[in-house]
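*Asks:* If it helps, the file is called coords_25.txt and holds compact mmCIF, C-alpha atoms:
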```
# COMPACT_ATOMS: atom_id res chain seq x y z
CA MET A 1 109.75 89.65 132.78
CA PRO A 2 108.72 91.33 129.48
CA LEU A 3 106.31 93.48 131.49
CA SER A 4 109.23 95.59 132.68
CA TYR A 5 109.89 96.67 129.07
CA LEU A 6 106.38 96.86 127.67
CA THR A 7 105.14 100.18 129.04
CA ARG A 8 108.31 102.02 128.01
CA ILE A 9 108.09 100.65 124.49
CA ALA A 10 104.35 101.23 124.06
CA GLN A 11 104.58 104.81 125.33
CA THR A 12 107.30 105.65 122.78
CA PRO A 13 105.52 106.74 119.56
CA ALA A 14 106.38 104.88 116.36
CA PRO A 15 104.10 105.79 113.44
CA THR A 16 105.03 104.07 110.18
CA PHE A 17 107.90 106.05 108.56
CA GLU A 18 108.58 107.73 111.94
CA GLU A 19 109.98 104.84 113.96
CA GLY A 20 113.25 106.58 114.93
CA GLU A 21 112.40 107.36 118.56
CA ARG A 22 111.33 103.81 119.32
CA ALA A 23 114.25 102.38 117.34
CA ALA A 24 116.63 104.40 119.52
CA LEU A 25 114.93 103.06 122.65
CA ILE A 26 115.20 99.44 121.50
CA ALA A 27 118.82 99.88 120.43
CA GLY A 28 119.61 101.35 123.83
CA LEU A 29 117.87 98.52 125.70
CA TRP A 30 119.76 95.88 123.71
CA ARG A 31 123.08 97.64 124.22
CA GLU A 32 122.41 97.78 127.97
CA LEU A 33 122.06 93.99 127.82
CA GLY A 34 125.55 93.78 126.33
CA TYR A 35 124.77 93.25 122.66
CA ASP A 36 126.38 94.87 119.64
CA VAL A 37 123.63 96.70 117.77
CA VAL A 38 123.50 98.27 114.33
CA ARG A 39 120.95 100.48 112.60
CA ASP A 40 120.86 99.58 108.91
CA GLU A 41 120.17 101.75 105.88
CA VAL A 42 116.38 101.77 106.28
CA GLY A 43 116.31 102.08 110.08
CA ASN A 44 116.08 98.47 111.25
CA VAL A 45 117.67 97.70 114.61
CA VAL A 46 119.68 94.47 114.37
CA THR A 47 121.85 92.40 116.70
CA ARG A 48 123.65 89.22 115.69
CA ILE A 49 124.57 86.46 118.14
CA THR A 50 127.28 84.25 116.65
CA PRO A 51 128.66 81.76 119.18
CA PRO A 52 132.12 80.30 118.45
CA GLY A 53 131.90 77.60 115.82
CA THR A 54 128.75 78.95 114.16
CA GLU A 55 130.45 81.49 111.91
CA GLY A 56 129.23 81.29 108.33
CA LYS A 57 126.31 79.01 109.12
CA PRO A 58 122.76 80.04 108.16
CA ALA A 59 121.18 82.12 110.92
CA LEU A 60 117.71 82.11 112.38
CA LEU A 61 116.15 85.57 112.07
CA LEU A 62 113.64 86.79 114.67
CA ALA A 63 111.92 89.98 113.54
CA ALA A 64 109.36 92.15 115.36
CA HIS A 65 108.17 95.36 113.78
CA LEU A 66 108.67 98.75 115.40
CA ASP A 67 105.84 100.69 113.84
CA THR A 68 102.21 101.17 114.85
CA VAL A 69 99.14 102.33 112.94
CA PHE A 70 98.69 105.41 115.14
CA ALA A 71 99.54 108.89 113.89
CA ARG A 72 101.97 111.25 115.55
CA GLY A 73 100.16 113.07 118.34
CA THR A 74 98.07 110.10 119.47
CA ASP A 75 98.00 109.76 123.26
CA VAL A 76 99.88 106.50 123.77
CA THR A 77 99.61 106.43 127.56
CA VAL A 78 99.25 102.89 128.89
CA ARG A 79 96.89 102.23 131.78
CA GLU A 80 96.29 99.11 133.83
CA ASP A 81 92.88 97.68 134.58
CA ARG A 82 92.35 94.35 136.32
CA GLY A 83 95.39 92.64 134.89
CA ARG A 84 95.15 94.23 131.46
CA LEU A 85 97.44 96.85 129.97
CA ILE A 86 95.41 99.15 127.73
CA GLY A 87 96.60 101.67 125.17
CA PRO A 88 97.21 102.29 121.45
CA GLY A 89 99.70 99.77 120.07
CA VAL A 90 100.33 98.11 123.43
CA GLY A 91 99.96 94.74 121.74
CA ASP A 92 100.70 95.28 118.05
CA ASN A 93 103.59 95.27 118.19
CA SER A 94 104.95 96.65 121.47
CA ALA A 95 104.30 93.39 123.33
CA SER A 96 106.31 91.42 120.76
CA LEU A 97 109.20 93.88 121.05
CA ALA A 98 109.08 93.53 124.83
CA VAL A 99 109.18 89.73 124.57
CA ILE A 100 112.16 89.61 122.20
CA THR A 101 113.99 92.10 124.40
CA ALA A 102 113.35 89.86 127.42
CA LEU A 103 114.50 86.89 125.34
CA LEU A 104 117.81 88.63 124.64
CA ARG A 105 118.18 89.28 128.35
CA ASP A 106 117.55 85.62 129.20
CA LEU A 107 119.86 84.23 126.50
CA ARG A 108 122.99 85.83 127.94
CA GLY A 109 125.41 83.07 128.86
CA HIS A 110 123.23 80.32 127.37
CA THR A 111 124.35 80.18 123.74
CA HIS A 112 127.60 78.22 123.94
CA GLU A 113 126.04 74.98 122.68
CA TRP A 114 124.22 76.57 119.77
CA ARG A 115 124.71 75.24 116.26
CA ARG A 116 123.70 78.39 114.39
CA PRO A 117 123.78 82.16 114.74
CA LEU A 118 120.69 84.05 115.85
CA TRP A 119 119.80 87.44 114.37
CA VAL A 120 117.24 89.58 116.16
CA ALA A 121 115.70 92.57 114.39
CA ALA A 122 113.29 95.33 115.33
CA ASN A 123 112.25 96.34 111.85
CA VAL A 124 110.51 99.32 110.31
CA GLY A 125 107.57 99.60 107.95
CA GLU A 126 105.28 96.63 108.57
CA GLU A 127 102.02 98.53 108.99
CA GLY A 128 99.92 100.39 106.43
CA LEU A 129 101.84 101.87 103.55
CA GLY A 130 105.13 100.74 105.04
CA ASP A 131 104.86 97.78 102.64
CA LEU A 132 107.17 95.54 104.71
CA ARG A 133 110.02 97.93 103.95
CA GLY A 134 112.23 96.75 106.81
CA ALA A 135 111.66 93.02 106.35
CA LYS A 136 112.07 93.27 102.57
CA HIS A 137 115.39 95.04 103.07
CA LEU A 138 116.65 92.37 105.47
CA LEU A 139 115.75 89.57 103.06
CA ALA A 140 117.09 91.31 99.97
CA ARG A 141 120.43 92.03 101.64
CA HIS A 142 120.92 88.90 103.72
CA ARG A 143 119.03 85.97 102.21
CA ASP A 144 122.23 83.97 101.75
CA ASP A 145 123.09 84.40 105.43
CA LEU A 146 119.75 83.09 106.70
CA GLY A 147 118.32 79.62 107.24
CA ALA A 148 114.84 80.56 108.49
CA MET A 149 112.75 83.50 109.65
CA ILE A 150 110.27 83.93 112.48
CA ALA A 151 108.14 87.08 112.49
CA VAL A 152 107.18 87.73 116.10
CA ASP A 153 103.73 89.24 115.74
CA GLY A 154 100.19 88.45 116.84
CA TYR A 155 98.44 86.50 119.56
CA LEU A 156 99.88 83.62 121.56
CA GLY A 157 98.64 80.34 120.12
CA VAL A 158 98.48 81.54 116.51
CA ALA A 159 100.96 80.39 113.88
CA VAL A 160 100.79 82.03 110.45
CA THR A 161 101.93 79.49 107.88
CA ARG A 162 100.52 81.01 104.71
CA ALA A 163 101.05 84.56 103.52
CA VAL A 164 98.13 86.62 102.25
CA GLY A 165 99.34 88.53 99.21
CA VAL A 166 98.46 92.23 99.08
CA ARG A 167 98.48 94.82 96.29
CA ARG A 168 97.66 98.44 97.10
CA TYR A 169 97.03 101.41 94.83
CA ARG A 170 96.48 105.12 95.07
CA ALA A 171 94.24 106.28 92.21
CA VAL A 172 94.07 110.03 91.60
CA PHE A 173 91.40 111.33 89.20
CA LEU A 174 92.14 114.75 87.65
CA GLY A 175 89.90 117.11 85.70
CA PRO A 176 89.69 120.85 84.97
CA GLY A 177 87.32 121.63 87.84
CA GLY A 178 85.13 124.72 87.74
CA HIS A 179 81.99 126.41 89.07
CA SER A 180 78.99 124.19 89.77
CA TRP A 181 76.64 126.54 87.82
CA GLY A 182 78.87 128.37 85.44
CA ASP A 183 80.88 125.49 84.01
CA GLN A 184 80.13 122.15 82.37
CA ALA A 185 83.39 120.40 83.19
CA PRO A 186 83.54 116.70 84.14
CA SER A 187 83.86 115.95 87.84
CA ALA A 188 86.73 113.94 89.28
CA LEU A 189 84.38 112.89 92.08
CA HIS A 190 81.95 111.50 89.50
CA ALA A 191 84.74 109.30 88.14
CA LEU A 192 85.71 108.25 91.65
CA GLY A 193 82.12 107.22 92.39
CA LEU A 194 81.86 105.17 89.21
CA ALA A 195 85.20 103.55 89.98
CA ILE A 196 84.16 102.51 93.47
CA GLN A 197 80.90 101.08 92.15
CA GLY A 198 82.78 99.15 89.46
CA LEU A 199 85.40 97.86 91.84
CA TYR A 200 82.88 96.39 94.24
CA ALA A 201 81.04 94.77 91.32
CA LEU A 202 84.12 92.73 90.43
CA HIS A 203 83.87 89.01 91.05
CA ARG A 204 86.07 87.76 93.91
CA PRO A 205 86.38 84.02 94.58
CA VAL A 206 85.28 82.82 97.99
CA THR A 207 87.90 80.05 97.90
CA PRO A 208 90.81 80.72 97.93
CA ARG A 209 89.72 83.82 99.82
CA THR A 210 90.17 86.99 97.74
CA THR A 211 89.11 90.47 98.90
CA LEU A 212 88.87 94.06 97.71
CA ASN A 213 88.52 97.19 99.80
CA VAL A 214 88.44 100.93 99.14
CA GLY A 215 89.73 102.12 102.49
CA LEU A 216 89.94 105.86 101.87
CA ALA A 217 88.30 108.22 99.36
CA SER A 218 88.38 112.00 99.15
CA GLY A 219 88.18 114.91 96.75
CA GLY A 220 86.75 118.28 95.81
CA THR A 221 87.11 121.70 97.40
CA SER A 222 83.59 123.03 98.12
CA ILE A 223 79.90 122.30 97.66
CA ASN A 224 79.61 124.68 94.72
CA SER A 225 82.78 123.64 92.90
CA ILE A 226 83.15 120.89 90.31
CA ALA A 227 85.80 118.60 91.75
CA GLY A 228 89.10 118.95 89.91
CA SER A 229 90.68 116.09 91.81
CA ALA A 230 89.66 113.05 93.81
CA GLU A 231 91.54 110.02 95.04
CA LEU A 232 91.09 106.63 96.62
CA LEU A 233 93.25 103.98 98.26
CA LEU A 234 92.56 100.43 97.14
CA ASP A 235 93.54 97.23 98.95
CA LEU A 236 93.50 93.90 97.10
CA ARG A 237 94.23 90.58 98.84
CA SER A 238 94.27 86.88 98.06
CA LEU A 239 95.67 83.60 99.31
CA ASP A 240 96.42 82.69 95.69
CA PRO A 241 99.08 84.76 93.86
CA ALA A 242 97.49 84.06 90.46
CA LEU A 243 94.05 85.18 91.63
CA LEU A 244 95.59 88.32 93.12
CA ALA A 245 97.31 89.13 89.84
CA ASP A 246 94.03 88.63 87.96
CA LEU A 247 92.09 90.86 90.37
CA ASP A 248 94.84 93.47 90.08
CA THR A 249 94.49 93.55 86.29
CA ARG A 250 90.70 93.80 86.41
CA ALA A 251 90.75 96.50 89.11
CA GLN A 252 93.13 98.66 87.10
CA ALA A 253 90.86 98.28 84.08
CA VAL A 254 87.86 99.49 86.12
CA LEU A 255 89.76 102.59 87.29
CA HIS A 256 90.81 103.52 83.75
CA ALA A 257 87.32 102.86 82.36
CA ALA A 258 85.71 105.13 84.98
CA ALA A 259 88.07 107.96 84.06
CA ARG A 260 87.38 107.55 80.33
CA GLU A 261 83.61 107.43 80.79
CA VAL A 262 83.55 110.72 82.72
CA GLY A 263 86.24 112.45 80.69
CA VAL A 264 88.98 112.93 83.25
CA SER A 265 92.45 111.42 83.62
CA VAL A 266 93.59 108.96 86.26
CA ARG A 267 97.03 108.47 87.75
CA LEU A 268 97.69 105.07 89.35
CA GLU A 269 100.47 104.50 91.85
CA ARG A 270 101.18 101.10 93.35
CA VAL A 271 101.80 101.86 97.03
CA GLY A 272 101.98 98.32 98.32
CA ASP A 273 103.07 94.90 97.09
CA ARG A 274 103.26 92.21 99.75
CA PRO A 275 104.17 88.83 98.26
CA GLY A 276 101.93 85.95 99.26
CA GLY A 277 101.77 82.21 99.02
CA ASP A 278 103.41 79.26 100.74
CA LEU A 279 105.84 80.21 103.52
CA HIS A 280 107.47 76.73 103.54
CA ALA A 281 106.83 76.81 107.28
CA GLU A 282 106.75 73.06 107.93
CA PRO A 283 110.15 72.77 109.69
CA LEU A 284 109.38 75.72 111.96
CA LEU A 285 105.79 74.63 112.53
CA GLY A 286 106.95 71.33 113.96
CA LEU A 287 109.14 73.16 116.48
CA ALA A 288 106.31 75.55 117.36
CA ARG A 289 103.96 72.65 117.95
CA ASP A 290 106.45 70.96 120.25
CA ALA A 291 107.03 74.18 122.19
CA ALA A 292 103.30 74.81 122.44
CA ARG A 293 102.67 71.31 123.69
CA GLU A 294 105.30 71.71 126.40
CA GLY A 295 103.78 75.04 127.42
CA ARG A 296 100.21 73.71 127.28
CA ILE A 297 99.33 76.21 124.59
CA ASP A 298 96.72 75.38 121.97
CA LEU A 299 98.27 76.24 118.60
CA ARG A 300 96.09 77.03 115.60
CA LEU A 301 97.15 77.79 112.05
CA ALA A 302 96.22 80.98 110.23
CA SER A 303 96.76 82.90 107.02
CA SER A 304 97.71 86.54 107.36
CA SER A 305 99.89 89.36 106.08
CA THR A 306 102.97 89.81 108.29
CA ASP A 307 106.68 90.48 107.91
CA ALA A 308 107.02 86.77 107.10
CA ASN A 309 105.53 87.57 103.68
CA ALA A 310 108.88 89.07 102.72
CA ALA A 311 110.45 85.61 102.83
CA ALA A 312 108.03 84.05 100.32
CA PRO A 313 109.85 85.06 97.08
CA TYR A 314 113.11 83.66 98.46
CA HIS A 315 111.67 80.25 99.42
CA LEU A 316 113.12 80.79 102.90
CA PRO A 317 111.27 78.80 105.59
CA ALA A 318 109.25 81.36 107.55
CA ILE A 319 106.44 81.58 110.06
CA ALA A 320 104.77 84.25 112.19
CA LEU A 321 104.25 83.41 115.85
CA GLY A 322 102.29 85.37 118.44
CA VAL A 323 103.60 85.79 121.98
CA TYR A 324 100.84 87.55 123.96
CA ARG A 325 97.11 87.40 124.57
CA GLY A 326 95.05 90.50 123.93
CA GLY A 327 92.49 92.18 121.74
CA ASN A 328 91.26 95.30 119.93
CA ALA A 329 94.32 95.55 117.71
CA HIS A 330 94.56 98.81 115.72
CA ARG A 331 92.18 100.50 118.18
CA GLU A 332 93.09 103.03 120.85
CA ASP A 333 91.67 100.71 123.51
CA GLU A 334 93.90 97.80 122.49
CA TRP A 335 94.75 95.55 125.43
CA VAL A 336 97.25 92.91 126.50
CA GLN A 337 96.80 90.37 129.28
CA ALA A 338 99.85 91.06 131.42
CA SER A 339 100.03 87.47 132.68
CA SER A 340 100.38 86.15 129.11
CA LEU A 341 103.79 87.69 128.50
CA GLY A 342 105.65 85.14 130.62
CA PRO A 343 104.19 82.13 128.77
CA GLY A 344 104.80 83.94 125.48
CA LEU A 345 108.45 84.45 126.35
CA ARG A 346 108.91 80.81 127.41
CA PHE A 347 107.23 79.63 124.20
CA LEU A 348 109.47 81.73 121.97
CA ARG A 349 112.60 80.77 123.85
CA ARG A 350 111.71 77.12 123.52
CA VAL A 351 111.20 77.46 119.76
CA VAL A 352 114.66 79.03 119.47
CA GLU A 353 116.22 76.30 121.63
CA LEU A 354 114.63 73.54 119.55
CA TYR A 355 115.80 75.19 116.34
CA GLN A 356 119.34 75.33 117.68
CA ARG A 357 119.25 71.59 118.39
CA ARG A 358 118.50 70.69 114.78
CA PRO A 359 121.41 69.20 112.83
CA VAL A 360 123.09 71.61 110.46
CA ALA A 361 122.56 70.49 106.87
```
Will you turn the file into C-alpha cells for me?

*Replies:*
Amino acid sequence: MPLSYLTRIAQTPAPTFEEGERAALIAGLWRELGYDVVRDEVGNVVTRITPPGTEGKPALLLAAHLDTVFARGTDVTVREDRGRLIGPGVGDNSASLAVITALLRDLRGHTHEWRRPLWVAANVGEEGLGDLRGAKHLLARHRDDLGAMIAVDGYLGVAVTRAVGVRRYRAVFLGPGGHSWGDQAPSALHALGLAIQGLYALHRPVTPRTTLNVGLASGGTSINSIAGSAELLLDLRSLDPALLADLDTRAQAVLHAAAREVGVSVRLERVGDRPGGDLHAEPLLGLARDAAREGRIDLRLASSSTDANAAAPYHLPAIALGVYRGGNAHREDEWVQASSLGPGLRFLRRVVELYQRRPVA
C-alpha cells in the first residue's frame, strides 16, 4: 500500500529549490521497482513506460511535485494519531508521491495491452516561488510527445478543471536613507505603505474571481533610521486571463506612483507567472467521473493553481486529481487519513486504465 512509502517520503526534506534529497529517494524507489529513471536538466525525476507497439504515440503524463512549503531545518517527523499521519508536508505533496510510487509498483506486468505510453514524473518547483519550474520544463520540452497530463495533487474527490492564473512580483523601494532626526530624506517604508494602501484599493471583480495579496513586507534597519530600502511580495490571481492582465497593469502603476509620490525609486521583478484559463479537461474528466463512480467517490470540480496550469498555453488536455483525504495543508500539523490512500491509489489506477482503453486518434 502507499502507506509503506509515505513516511519515508514525508520525512525527507524538500524545500522549493532544494528538492535534491527527496528526488534521489524517489529515483531510488522507482529503480528498485525495475524502472529506468532519468533526472532532467531542472531536477525532475522521470520514468517512461512504453509497451511494445506504443512507440511514438502521444503519452499520458502523471506528475506529482516534489517540493514542500517548509524551509530547511523544519522538523518533518511524522507521527500517527488515531488513524491519521501528521506532519509538515505529509499530504502536500508527499501522499501523492507515495500513491504514484505504489501505482508504479502495481503496474508491473500489467501494461501489455496498453495503447499509449505512460510517463510518470516527480517534478520540482510547484510551490511558492518555484513558479511551476518543473512542469513548465516538461511541457516546453515534450509537448509533442504528450497526449494529456494529470497533475496528482490535492484531496481525493476533487478534480481541478480550470487553472487559476497567477502573477507575482517583488517590489523593492530604494532611497538614500539617513538619520531620523538629522536628515530629511524620503523613506522607502513610506513608499511601501502607500503602495500597499493603493494596491488594496484597486477594484477586483467578484466574478470571475480575482484576488490581490501582499504576502510579505519588510524594510528599514532601526527605529531611528530613515529606511533606505523596503520590499514587498505581491500575489495577483484570476480565473480570467484578461482580468489578470488588467489587474497586473494597474498594480504596477500603483507601485510606480507610490515611489514617485515619496521620492524614491522602485525596482519591480516578476517572480511568478502561472498561466491560467481552460485546461481542456473534458476528456479526462469523463474518465475521472467513471473511476470515481466505480470507487463510490463523490467527485466535485474546482478551480486552482497546480502543475496542470503549465499545460494551458499548449492546449494540452489536463486535469489535477487528488488521491488522499486530509487537512491543514501548508501547516506543520498537516494530516492525512491513512485509510484513504488505498482508495486514492485504486482511483488513480482506474483513471489510467480507462485512458489506455481509449482509441488512439

*Asks:* Env of Leu285 of chain A: 10 Å cut, atoms = only C-alpha atoms, seq-sep filter 2 positions within chain, self excluded. Answer as a list in words.

*Replies:*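 Within the cut-off, the hits are Ala159, Val160, Thr161, His280, Ala281, Glu282, Pro283, Leu287, Ala288, Arg289, Asp290, Ala291, Leu299, Leu301, Pro317, Ala318, Ile319, Ala320, Leu321 and Val351 of chain A.
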
*Asks:* Find the residue from A:Gly322, A:Pro2, A:Gly56, A:Pro275 that sits nearest to Asn309 of chain A; use only C-alpha atoms when measuring.

*Replies:*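 Ranking A:Gly322, A:Pro2, A:Gly56, A:Pro275 by distance to Asn309 of chain A, first place goes to A:Pro275.
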
*Asks:* For atom CA of Ser222 of chain A and atom CA of Glu261 of chain A, quote the distance in Å rounded to one decimal.

*Replies:* 23.3 Å

*Asks:* Using only C-alpha atoms, which of the listed residues (A:Ala148, A:Ala245, A:Tyr200, A:His179) sits closest to Ala311 of chain A?

*Replies:* A:Ala148

*Asks:* Counting only C-alpha atoms, what is within 12 Å of Ser305 of chain A, bar same-chain residues fewer than 4 positions away, as an mmCIF file with C-alpha atoms, in the coordinates of the input?

*Replies:*
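Written file, selection-v6.cif:
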```
data_model
loop_
_atom_site.group_PDB
_atom_site.id
_atom_site.type_symbol
_atom_site.label_atom_id
_atom_site.label_comp_id
_atom_site.auth_asym_id
_atom_site.auth_seq_id
_atom_site.Cartn_x
_atom_site.Cartn_y
_atom_site.Cartn_z
ATOM 1 C CA GLU A 126 105.280 96.630 108.570
ATOM 2 C CA GLU A 127 102.020 98.530 108.990
ATOM 3 C CA GLY A 128 99.920 100.390 106.430
ATOM 4 C CA ASP A 131 104.860 97.780 102.640
ATOM 5 C CA LEU A 132 107.170 95.540 104.710
ATOM 6 C CA ALA A 151 108.140 87.080 112.490
ATOM 7 C CA ASP A 153 103.730 89.240 115.740
ATOM 8 C CA GLY A 154 100.190 88.450 116.840
ATOM 9 C CA ALA A 159 100.960 80.390 113.880
ATOM 10 C CA VAL A 160 100.790 82.030 110.450
ATOM 11 C CA THR A 161 101.930 79.490 107.880
ATOM 12 C CA ARG A 162 100.520 81.010 104.710
ATOM 13 C CA ALA A 163 101.050 84.560 103.520
ATOM 14 C CA VAL A 164 98.130 86.620 102.250
ATOM 15 C CA GLY A 165 99.340 88.530 99.210
ATOM 16 C CA VAL A 166 98.460 92.230 99.080
ATOM 17 C CA ARG A 167 98.480 94.820 96.290
ATOM 18 C CA LEU A 236 93.500 93.900 97.100
ATOM 19 C CA ARG A 237 94.230 90.580 98.840
ATOM 20 C CA SER A 238 94.270 86.880 98.060
ATOM 21 C CA LEU A 239 95.670 83.600 99.310
ATOM 22 C CA ASP A 273 103.070 94.900 97.090
ATOM 23 C CA ARG A 274 103.260 92.210 99.750
ATOM 24 C CA PRO A 275 104.170 88.830 98.260
ATOM 25 C CA GLY A 276 101.930 85.950 99.260
ATOM 26 C CA GLY A 277 101.770 82.210 99.020
ATOM 27 C CA ASP A 278 103.410 79.260 100.740
ATOM 28 C CA LEU A 279 105.840 80.210 103.520
ATOM 29 C CA ASN A 309 105.530 87.570 103.680
ATOM 30 C CA ALA A 310 108.880 89.070 102.720
ATOM 31 C CA ALA A 311 110.450 85.610 102.830
ATOM 32 C CA ALA A 312 108.030 84.050 100.320
ATOM 33 C CA ILE A 319 106.440 81.580 110.060
ATOM 34 C CA ALA A 320 104.770 84.250 112.190
#
```

*Asks:* So how many Å separate atom CA of Pro51 of chain A and atom CA of Leu97 of chain A, to one decimal?

*Replies:* 23.0 Å

*Asks:* So the first atom is atom CA of Arg270 of chain A and the second is atom CA of Ser187 of chain A; what is the distance between them in Å, to one decimal place?

*Replies:* 23.5 Å
